[in-house]
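File shown: work-v2.txt. Contents: compact mmCIF, C-alpha atoms.
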```txt
# COMPACT_ATOMS: atom_id res chain seq x y z
CA MET A 19 86.34 118.79 119.05
CA THR A 20 84.22 116.57 116.85
CA ARG A 21 81.53 114.27 118.17
CA HIS A 22 83.62 111.21 117.23
CA ALA A 23 86.58 112.42 119.20
CA ALA A 24 84.40 113.19 122.21
CA ASP A 25 82.94 109.66 122.12
CA ALA A 26 86.31 108.01 121.64
CA PRO A 27 88.05 106.07 124.41
CA ALA A 28 91.34 107.30 125.83
CA ASP A 29 93.35 105.75 122.98
CA ALA A 30 91.10 104.86 120.09
CA VAL A 31 93.92 103.29 118.06
CA GLU A 32 94.99 100.93 120.83
CA ASP A 33 91.37 99.99 121.48
CA TYR A 34 90.84 99.28 117.78
CA LEU A 35 93.97 97.12 117.60
CA ASP A 36 92.84 95.16 120.69
CA ARG A 37 89.49 94.45 119.07
CA LEU A 38 91.16 93.50 115.81
CA LEU A 39 93.56 91.12 117.57
CA VAL A 40 90.76 89.08 119.16
CA THR A 41 88.79 89.03 115.90
CA LEU A 42 91.49 88.03 113.43
CA SER A 43 91.67 84.40 112.40
CA GLY A 44 94.40 82.52 110.59
CA SER A 45 97.89 81.40 111.46
CA PRO A 46 99.83 83.32 114.13
CA ARG A 47 102.02 84.78 111.38
CA GLN A 48 99.04 86.02 109.37
CA VAL A 49 97.58 87.59 112.52
CA ARG A 50 100.87 89.32 113.38
CA HIS A 51 101.34 90.63 109.86
CA THR A 52 97.81 92.00 109.50
CA LEU A 53 98.02 93.62 112.92
CA ALA A 54 101.35 95.25 112.05
CA GLU A 55 99.98 96.54 108.74
CA VAL A 56 96.88 98.02 110.30
CA GLU A 57 98.84 99.54 113.17
CA ALA A 58 101.21 101.30 110.73
CA HIS A 59 98.19 102.44 108.70
CA LEU A 60 96.44 103.90 111.75
CA HIS A 61 99.57 105.71 112.93
CA ASP A 62 100.04 107.17 109.42
CA ALA A 63 96.42 108.32 109.44
CA VAL A 64 96.80 109.87 112.91
CA ALA A 65 99.96 111.70 111.81
CA GLU A 66 98.12 113.00 108.72
CA GLY A 67 95.19 114.17 110.87
CA MET A 68 97.46 115.95 113.32
CA ALA A 69 99.36 117.58 110.45
CA ALA A 70 95.98 118.90 109.27
CA GLY A 71 95.42 120.55 112.64
CA LEU A 72 93.46 117.95 114.65
CA THR A 73 94.35 117.12 118.22
CA GLU A 74 95.73 113.63 118.81
CA PRO A 75 92.44 112.19 120.18
CA GLU A 76 90.54 113.74 117.26
CA ALA A 77 93.06 112.36 114.77
CA GLN A 78 92.85 108.90 116.38
CA ALA A 79 89.06 108.91 116.28
CA GLN A 80 89.10 109.97 112.63
CA ALA A 81 91.67 107.31 111.71
CA VAL A 82 89.62 104.58 113.39
CA GLN A 83 86.41 105.82 111.79
CA ARG A 84 88.00 105.78 108.33
CA MET A 85 89.39 102.31 108.90
CA GLY A 86 85.85 100.99 109.47
CA PRO A 87 84.74 98.00 111.57
CA VAL A 88 87.32 95.35 112.43
CA THR A 89 85.28 92.81 110.49
CA GLY A 90 86.16 94.76 107.35
CA VAL A 91 89.86 94.13 108.00
CA THR A 92 89.34 90.44 108.71
CA GLY A 93 87.42 90.05 105.49
CA GLN A 94 84.82 87.92 107.24
CA PRO A 95 81.10 88.58 107.45
CA ALA A 96 80.31 90.25 110.76
CA GLY A 97 78.53 87.12 111.97
CA LEU A 98 81.68 85.04 111.68
CA ALA A 99 83.65 87.36 113.88
CA ARG A 100 81.15 87.69 116.69
CA PRO A 101 82.44 86.58 120.06
CA SER A 102 79.48 84.18 120.24
CA LEU A 103 80.89 82.17 117.33
CA ALA A 104 84.28 81.95 118.98
CA LEU A 105 82.53 80.87 122.18
CA ALA A 106 80.49 78.26 120.29
CA ARG A 107 83.68 76.89 118.76
CA ARG A 108 85.42 76.81 122.11
CA LEU A 109 82.46 75.07 123.74
CA THR A 110 82.42 72.53 120.90
CA LEU A 111 86.11 71.81 121.49
CA THR A 112 85.53 71.51 125.24
CA ALA A 113 82.58 69.15 124.76
CA ALA A 114 84.52 67.03 122.26
CA LEU A 115 87.49 66.74 124.60
CA ILE A 116 85.50 65.93 127.73
CA GLY A 117 83.00 63.71 125.93
CA GLY A 118 85.72 61.88 124.02
CA ALA A 119 87.84 61.34 127.11
CA GLY A 120 84.77 60.21 129.07
CA LEU A 121 83.82 57.64 126.46
CA VAL A 122 87.39 56.34 126.28
CA ALA A 123 87.29 56.04 130.08
CA VAL A 124 84.14 53.92 129.78
CA GLY A 125 86.13 51.75 127.38
CA GLY A 126 88.81 51.52 130.07
CA ALA A 127 86.11 50.43 132.52
CA GLY A 128 85.45 47.55 130.15
CA LEU A 129 89.05 46.39 130.57
CA VAL A 130 88.77 46.61 134.35
CA ALA A 131 85.47 44.73 134.17
CA ARG A 132 87.07 42.03 132.03
CA ALA A 133 89.73 41.53 134.72
CA LEU A 134 87.08 41.39 137.47
CA LEU A 135 85.09 38.94 135.38
CA ALA A 136 88.08 36.63 135.08
CA VAL A 137 88.81 36.77 138.79
CA LYS A 138 85.36 36.88 140.40
CA GLY A 139 82.89 35.68 137.78
CA ASP A 140 79.70 36.97 136.12
CA ALA A 141 77.73 37.42 139.34
CA TYR A 142 80.24 39.89 140.68
CA LEU A 143 80.13 42.03 137.56
CA THR A 144 76.36 42.30 137.03
CA ALA A 145 73.39 41.73 139.30
CA PRO A 146 70.55 39.42 138.18
CA TRP A 147 67.18 40.94 137.40
CA PRO A 148 64.34 40.29 139.85
CA GLN A 149 62.65 37.01 139.03
CA ALA A 150 59.31 38.58 138.08
CA SER A 151 60.91 40.96 135.57
CA TYR A 152 61.82 38.42 132.86
CA THR A 153 59.95 35.75 130.96
CA ARG A 154 60.59 32.18 129.85
CA ALA A 155 61.33 33.55 126.39
CA ASP A 156 64.06 35.74 127.87
CA CYS A 157 65.49 32.70 129.60
CA ALA A 158 65.41 30.71 126.42
CA ARG A 159 67.25 33.50 124.56
CA TRP A 160 69.93 33.75 127.26
CA LEU A 161 70.40 30.00 127.42
CA ALA A 162 70.65 29.82 123.64
CA GLY A 163 73.46 32.37 123.80
CA ASP A 164 75.32 30.30 126.40
CA PRO A 165 74.68 26.62 125.52
CA GLY A 166 77.01 25.30 128.23
CA THR A 167 74.80 26.75 130.97
CA HIS A 168 71.61 25.17 132.31
CA SER A 169 70.70 27.90 134.82
CA CYS A 170 68.62 30.82 133.52
CA VAL A 171 70.19 33.22 136.06
CA ALA A 172 73.74 32.18 135.13
CA ALA A 173 72.96 32.63 131.42
CA MET A 174 71.40 36.02 132.15
CA LEU A 175 74.49 37.15 134.06
CA ALA A 176 76.79 35.98 131.28
CA ASP A 177 74.61 37.80 128.73
CA HIS A 178 74.59 41.02 130.73
CA ALA A 179 78.33 40.87 131.36
CA GLY A 180 78.89 40.41 127.63
CA ASP A 181 76.60 43.35 126.90
CA PHE A 182 78.53 45.56 129.31
CA LEU A 183 81.86 44.67 127.74
CA LEU A 184 80.45 45.23 124.24
CA GLN A 185 78.97 48.61 125.19
CA ALA A 186 82.26 49.63 126.80
CA ALA A 187 84.14 48.75 123.61
CA ALA A 188 81.64 50.74 121.53
CA ALA A 189 82.01 53.69 123.87
CA ALA A 190 85.79 53.54 123.52
CA LEU A 191 85.46 53.58 119.74
CA LEU A 192 83.10 56.56 119.83
CA GLY A 193 85.42 58.31 122.28
CA LEU A 194 88.40 57.86 119.98
CA LEU A 195 86.37 59.31 117.10
CA ALA A 196 85.37 62.28 119.28
CA LEU A 197 88.99 62.87 120.26
CA ALA A 198 90.07 62.65 116.63
CA GLY A 199 87.42 65.26 115.84
CA TYR A 200 88.67 67.39 118.72
CA PHE A 201 92.26 67.39 117.44
CA ALA A 202 91.15 68.09 113.87
CA LEU A 203 88.96 71.01 114.95
CA ARG A 204 91.64 72.35 117.27
CA ARG A 205 94.06 72.57 114.35
CA ARG A 206 91.39 74.30 112.26
CA TRP A 207 90.21 76.77 114.91
CA ARG A 208 93.50 78.27 116.02
CA ASP A 209 92.34 81.88 115.85
CA ARG A 210 92.89 83.95 118.94
CA ALA A 211 89.18 84.70 119.41
CA THR A 212 88.43 80.99 119.77
CA LEU A 213 91.46 80.30 121.93
CA THR A 214 90.56 83.07 124.36
CA ALA A 215 86.77 82.62 124.37
CA LEU A 216 87.05 80.63 127.62
CA PRO A 217 89.70 80.95 130.33
CA SER A 218 92.74 78.78 129.82
CA GLY A 219 92.33 75.32 131.39
CA THR A 220 88.53 75.42 131.42
CA ALA A 221 88.14 72.07 129.66
CA GLU A 222 90.71 70.39 131.91
CA ALA A 223 89.12 71.80 135.08
CA LEU A 224 85.63 70.81 133.99
CA GLY A 225 86.86 67.34 132.99
CA THR A 226 88.58 66.90 136.34
CA ALA A 227 85.46 67.93 138.25
CA LEU A 228 83.05 65.79 136.22
CA ALA A 229 85.29 62.71 136.31
CA ALA A 230 85.89 63.10 140.04
CA VAL A 231 82.16 63.39 140.75
CA ALA A 232 81.51 60.33 138.57
CA ALA A 233 84.25 58.39 140.37
CA VAL A 234 82.88 59.23 143.83
CA ALA A 235 79.33 58.31 142.76
CA CYS A 236 80.45 54.99 141.25
CA PHE A 237 82.56 54.08 144.27
CA ALA A 238 79.64 54.89 146.57
CA VAL A 239 77.32 52.59 144.59
CA ALA A 240 79.97 49.86 144.50
CA PHE A 241 80.58 50.10 148.23
CA ASP A 242 76.85 50.04 148.94
CA THR A 243 76.47 46.98 146.71
CA GLU A 244 79.30 45.23 148.52
CA MET A 245 77.60 45.91 151.85
CA THR A 246 73.96 45.21 150.97
CA GLN A 247 74.15 42.69 148.10
CA ARG A 248 77.24 40.78 149.23
CA GLY A 249 79.09 42.11 146.19
CA ILE A 250 76.67 40.79 143.57
CA GLY A 251 76.74 43.34 140.74
CA ALA A 252 79.46 45.47 142.34
CA GLY A 253 81.90 44.90 139.47
CA GLU A 254 80.25 47.37 137.10
CA PRO A 255 80.35 50.39 139.44
CA TRP A 256 83.84 49.43 140.63
CA SER A 257 85.17 49.30 137.07
CA LEU A 258 83.42 52.56 136.10
CA GLY A 259 84.72 54.20 139.29
CA VAL A 260 88.30 53.15 138.61
CA ALA A 261 88.07 54.44 135.02
CA ALA A 262 86.51 57.74 136.16
CA ALA A 263 89.20 58.19 138.81
CA ALA A 264 91.88 57.58 136.18
CA ALA A 265 90.22 60.12 133.87
CA ALA A 266 90.08 62.65 136.73
CA ALA A 267 93.78 62.12 137.38
CA VAL A 268 94.68 62.61 133.70
CA PHE A 269 92.57 65.78 133.49
CA ALA A 270 94.12 67.07 136.71
CA VAL A 271 97.65 66.56 135.38
CA ALA A 272 96.68 68.31 132.13
CA LEU A 273 95.14 71.17 134.12
CA ARG A 274 98.30 71.57 136.17
CA ARG A 275 100.43 71.69 133.02
CA THR A 276 98.14 74.25 131.40
CA LEU A 277 98.15 76.48 134.46
CA ARG A 278 101.93 76.30 134.71
CA ARG A 279 102.30 77.14 131.03
CA THR A 280 99.91 80.10 131.08
CA SER A 281 100.61 81.61 134.50
CA PRO A 282 103.00 84.57 134.52
CA ALA A 283 106.58 83.71 135.46
CA MET B 3 80.26 106.26 95.29
CA ARG B 4 78.60 103.69 97.53
CA ALA B 5 81.01 101.20 99.09
CA GLU B 6 78.91 98.20 97.99
CA ARG B 7 79.21 99.23 94.34
CA LEU B 8 82.91 99.88 94.70
CA LYS B 9 83.67 96.47 96.23
CA GLY B 10 82.98 94.68 92.97
CA HIS B 11 85.77 96.63 91.30
CA LEU B 12 88.20 96.89 94.21
CA ASP B 13 90.68 94.32 92.87
CA LEU B 14 90.91 96.13 89.54
CA LEU B 15 91.39 99.49 91.26
CA LEU B 16 94.07 98.18 93.64
CA MET B 17 96.02 96.54 90.83
CA SER B 18 95.72 99.72 88.81
CA VAL B 19 97.07 101.83 91.67
CA LEU B 20 99.97 99.42 92.19
CA SER B 21 100.76 99.37 88.48
CA ARG B 22 102.13 102.90 89.01
CA GLY B 23 104.62 101.59 91.56
CA PRO B 24 104.89 99.54 94.75
CA GLY B 25 103.31 100.82 97.94
CA HIS B 26 102.09 99.90 101.41
CA GLY B 27 98.43 99.80 102.41
CA TYR B 28 98.16 103.42 103.49
CA GLU B 29 99.86 104.62 100.29
CA VAL B 30 97.48 102.52 98.21
CA ILE B 31 94.47 104.08 99.95
CA THR B 32 95.90 107.58 99.61
CA ARG B 33 96.63 107.14 95.89
CA LEU B 34 93.17 105.66 95.33
CA ARG B 35 91.56 108.64 97.04
CA GLU B 36 93.70 111.17 95.15
CA ARG B 37 93.23 109.60 91.72
CA SER B 38 89.46 109.39 92.20
CA ASP B 39 89.26 112.95 93.54
CA GLY B 40 87.79 111.52 96.72
CA ALA B 41 84.90 109.87 94.89
CA PHE B 42 85.56 106.40 96.33
CA GLU B 43 84.36 106.11 99.89
CA LEU B 44 85.13 102.78 101.44
CA ALA B 45 86.24 101.67 104.87
CA GLU B 46 90.01 101.69 104.56
CA GLY B 47 90.31 98.40 106.43
CA THR B 48 88.57 96.56 103.60
CA VAL B 49 91.62 97.11 101.41
CA TYR B 50 93.72 94.65 103.43
CA PRO B 51 91.73 91.46 102.83
CA ALA B 52 91.63 92.43 99.16
CA LEU B 53 95.41 92.92 99.04
CA HIS B 54 95.94 89.61 100.84
CA ARG B 55 93.56 87.83 98.49
CA LEU B 56 95.35 89.24 95.44
CA GLU B 57 98.68 88.15 96.88
CA GLU B 58 97.37 84.63 97.49
CA ALA B 59 96.22 84.56 93.88
CA GLY B 60 99.75 85.48 92.77
CA LEU B 61 98.66 88.81 91.30
CA LEU B 62 100.55 90.80 93.94
CA ALA B 63 103.73 90.14 95.89
CA SER B 64 104.76 91.73 99.15
CA ALA B 65 107.88 92.28 101.20
CA TRP B 66 108.46 93.86 104.58
CA ALA B 67 110.60 96.98 104.75
CA VAL B 68 111.18 99.85 107.12
CA ALA B 69 109.92 103.13 105.69
CA SER B 70 109.45 106.44 107.53
CA GLY B 71 110.50 104.74 110.73
CA ARG B 72 107.84 102.04 110.58
CA ARG B 73 107.91 98.42 109.49
CA ARG B 74 105.64 98.17 106.49
CA ARG B 75 104.44 95.56 104.04
CA ILE B 76 105.13 96.85 100.55
CA TYR B 77 102.98 95.43 97.75
CA ARG B 78 103.90 95.30 94.09
CA LEU B 79 102.17 94.01 90.98
CA THR B 80 103.49 90.70 89.65
CA PRO B 81 103.69 89.91 85.91
CA ALA B 82 100.57 87.75 86.37
CA GLY B 83 98.91 90.72 88.07
CA ALA B 84 99.87 93.02 85.21
CA ALA B 85 98.29 90.61 82.73
CA ALA B 86 95.15 90.30 84.87
CA LEU B 87 94.97 94.08 85.17
CA ALA B 88 95.15 94.53 81.40
CA ASP B 89 92.46 91.89 80.91
CA GLN B 90 90.11 93.28 83.57
CA ALA B 91 90.64 96.85 82.44
CA GLU B 92 89.68 95.88 78.88
CA GLN B 93 86.58 94.09 80.17
CA TRP B 94 85.65 97.15 82.21
CA ARG B 95 86.05 99.48 79.23
CA GLU B 96 83.84 97.26 77.11
CA PHE B 97 81.23 97.03 79.86
CA SER B 98 81.20 100.73 80.71
CA GLY B 99 81.10 101.62 77.00
CA SER B 100 78.10 99.35 76.50
CA VAL B 101 76.30 100.84 79.49
CA ALA B 102 77.00 104.35 78.21
CA ARG B 103 75.62 103.44 74.78
CA VAL B 104 72.43 102.02 76.33
CA LEU B 105 71.95 105.06 78.48
CA GLY B 106 72.62 107.21 75.44
CA THR B 107 72.62 110.98 75.39
CA PRO B 108 69.43 112.94 76.10
CA ALA B 109 67.96 114.52 72.98
CA ALA B 110 68.43 118.25 72.50
CA GLY B 111 66.14 120.25 74.75
CA MET B 112 65.33 117.26 76.94
CA THR B 113 66.69 116.41 80.37
CA TRP B 114 66.43 113.23 82.39
CA ARG B 115 63.94 113.51 85.18
CA PRO B 116 62.24 110.91 87.37
CA LEU B 117 58.67 109.85 86.58
CA SER B 118 56.00 111.49 88.68
CA ARG B 119 53.77 109.27 90.90
CA GLY B 120 50.85 109.50 88.49
CA ALA B 121 52.79 109.06 85.26
CA LEU B 122 52.04 105.34 84.98
CA ALA B 123 48.50 105.47 86.38
```
Write the structure described by the file as structure tokens, please.
Amino acid sequence: MTRHAADAPADAVEDYLDRLLVTLSGSPRQVRHTLAEVEAHLHDAVAEGMAAGLTEPEAQAQAVQRMGPVTGVTGQPAGLARPSLALARRLTLTAALIGGAGLVAVGGAGLVARALLAVKGDAYLTAPWPQASYTRADCARWLAGDPGTHSCVAAMLADHAGDFLLQAAAAALLGLLALAGYFALRRRWRDRATLTALPSGTAEALGTALAAVAAVACFAVAFDTEMTQRGIGAGEPWSLGVAAAAAAAVFAVALRRTLRRTSPA
Amino acid sequence: MRAERLKGHLDLLLMSVLSRGPGHGYEVITRLRERSDGAFELAEGTVYPALHRLEEAGLLASAWAVASGRRRRIYRLTPAGAAALADQAEQWREFSGSVARVLGTPAAGMTWRPLSRGALA
């Protein structure tokens, strides 16, 4: 028995095909075709080796050795086929999905805040700064932005409420861009190595957990503000909490669908 | 022959092998080995991306068929591939002829040998 055969796993051909499957990139059809070609090639090579007098494990080891590394079959540089690249791609997709959805949720918080603003006013949405923390110049700037108001505190609250709504809208825009990037990259990175680099449903589970934690934290702050500050400034954490809870619910539904789709029947 | 040197000429060799008749990947490798008297040593898997690339370029075409009890992808040279093969083969002959002329033939009684360490000192 040769050294290669002695070092070989129980079925070197099957092991090689497994490694090739998780390394190949391209459309599902391209992957299937290449795998079928290489499988036929390896079985031909094993048959030839056995016809020449080798045992089956020896012939398998020789066939795999002659085929060369799986990166040779994929035609990619070895670096592009490393599991770490697939993992990096998968992590990028996960971050884009969670980040994008989170930013869109912040945009949703802006809508909730707008409703609270209409019903309960500026003081409910944002808390005023302590008196010693702003100057006359700040007051003048706030009053200039809200000419109908004569109170510095009222102008400050209106300014801060406007800032919050503007930032929420900007976050929503960024979130939509991130989600567009996510869908574009997901179409581009459809290779099996990337798809299987993390367990199925990882992004959805992580999104659910993060959004739920954010929702609980925001609700806790809002409740505390209601109790200790008579509701002044509670609108922001309430709106963020509602948006985070909605995001957690959406992620949870997506997670459930993914688990149903991927779990064995 | 080293695999790195062979890679630069793999497309030409594959098209040349397939110009003698269609074949699947294993047949192509076997013919290449036989016709070169085993001189070409390359990882057999590297033939597949080359075959796929040539097919994408329209120089080869493939079809699936069952042969010897297995489903196989049979490659054949297209008319565009035949033209490319003729062109590349001519370029190779010109190149190899030029290299041979530069290398020349050792004069009578002389043989090529490497310079000794102190020859240039």
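Picture a line from CA of Ala123 (chain A) to CA of Leu192 (chain A); it runs 11.1 Å.
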Proximity to Gly71 (chain B) - best of A:Ala58, A:Ala104, A:Met245, A:Ala235, only C-alpha atoms: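 Counting only C-alpha atoms, the residue closest to Gly71 (chain B) is A:Ala58.
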Using only C-alpha atoms, select each residue of chain A with any atom at most 12 Å away from an atom of chain B, and give the selection as a compact mmCIF listing (two decimals) with C-alpha atoms, in the frame of the given file.
```
# COMPACT_ATOMS: atom_id res chain seq x y z
CA TYR A 34 90.84 99.28 117.78
CA LEU A 35 93.97 97.12 117.60
CA LEU A 38 91.16 93.50 115.81
CA LEU A 42 91.49 88.03 113.43
CA SER A 43 91.67 84.40 112.40
CA GLN A 48 99.04 86.02 109.37
CA VAL A 49 97.58 87.59 112.52
CA ARG A 50 100.87 89.32 113.38
CA HIS A 51 101.34 90.63 109.86
CA THR A 52 97.81 92.00 109.50
CA LEU A 53 98.02 93.62 112.92
CA ALA A 54 101.35 95.25 112.05
CA GLU A 55 99.98 96.54 108.74
CA VAL A 56 96.88 98.02 110.30
CA GLU A 57 98.84 99.54 113.17
CA ALA A 58 101.21 101.30 110.73
CA HIS A 59 98.19 102.44 108.70
CA LEU A 60 96.44 103.90 111.75
CA HIS A 61 99.57 105.71 112.93
CA ASP A 62 100.04 107.17 109.42
CA ALA A 63 96.42 108.32 109.44
CA VAL A 64 96.80 109.87 112.91
CA ALA A 65 99.96 111.70 111.81
CA GLU A 66 98.12 113.00 108.72
CA GLN A 80 89.10 109.97 112.63
CA ALA A 81 91.67 107.31 111.71
CA VAL A 82 89.62 104.58 113.39
CA GLN A 83 86.41 105.82 111.79
CA ARG A 84 88.00 105.78 108.33
CA MET A 85 89.39 102.31 108.90
CA GLY A 86 85.85 100.99 109.47
CA PRO A 87 84.74 98.00 111.57
CA VAL A 88 87.32 95.35 112.43
CA THR A 89 85.28 92.81 110.49
CA GLY A 90 86.16 94.76 107.35
CA VAL A 91 89.86 94.13 108.00
CA THR A 92 89.34 90.44 108.71
CA GLY A 93 87.42 90.05 105.49
CA GLN A 94 84.82 87.92 107.24
CA PRO A 95 81.10 88.58 107.45
```
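Here CA of Ala179 (chain A) is placed at a distance of 28.8 Å from CA of Phe269 (chain A).
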Give me the residues near Gly251 (chain A) as a ChimeraX atom specification, where near means some atom within 6 Å (using only C-alpha atoms) and where sequence neighbours in that chain fewer than 5 positions away do not count. /A:142-145
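Take the candidates B:Leu14, B:Gln90, B:Arg103, B:Gly25 and check each one against Ala65 (chain B) using only C-alpha atoms; the shortest distance goes to B:Gly25.
Nearest-residue note for Ile250 (chain A): choosing from A:Leu72, A:Leu175, A:Leu111, A:Ala127, the minimum distance belongs to A:Leu175, counting only C-alpha atoms.
Distances here use only C-alpha atoms; by that measure, the residue among B:Ala86, B:Arg35, B:Ala63, B:Arg78 closest to Asp13 (chain B) is B:Ala86.
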How many Å separate CA of Ile116 (chain A) from CA of Gly225 (chain A)? 5.6 Å
Looking at A:Ala223, A:Pro255, A:Ala202, A:Ala240, which one is nearest to Val271 (chain A), with distances taken over only C-alpha atoms?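 Closest candidate: A:Ala223.
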List as a list of chain:residue names the protein and nucleic acid residues near Gly118 (chain A), meaning an atom at most 6 Å away when all atoms listed in the file are counted, but skip any in the same chain fewer than 6 places from it. A:Gly193, A:Ala196, A:Leu197
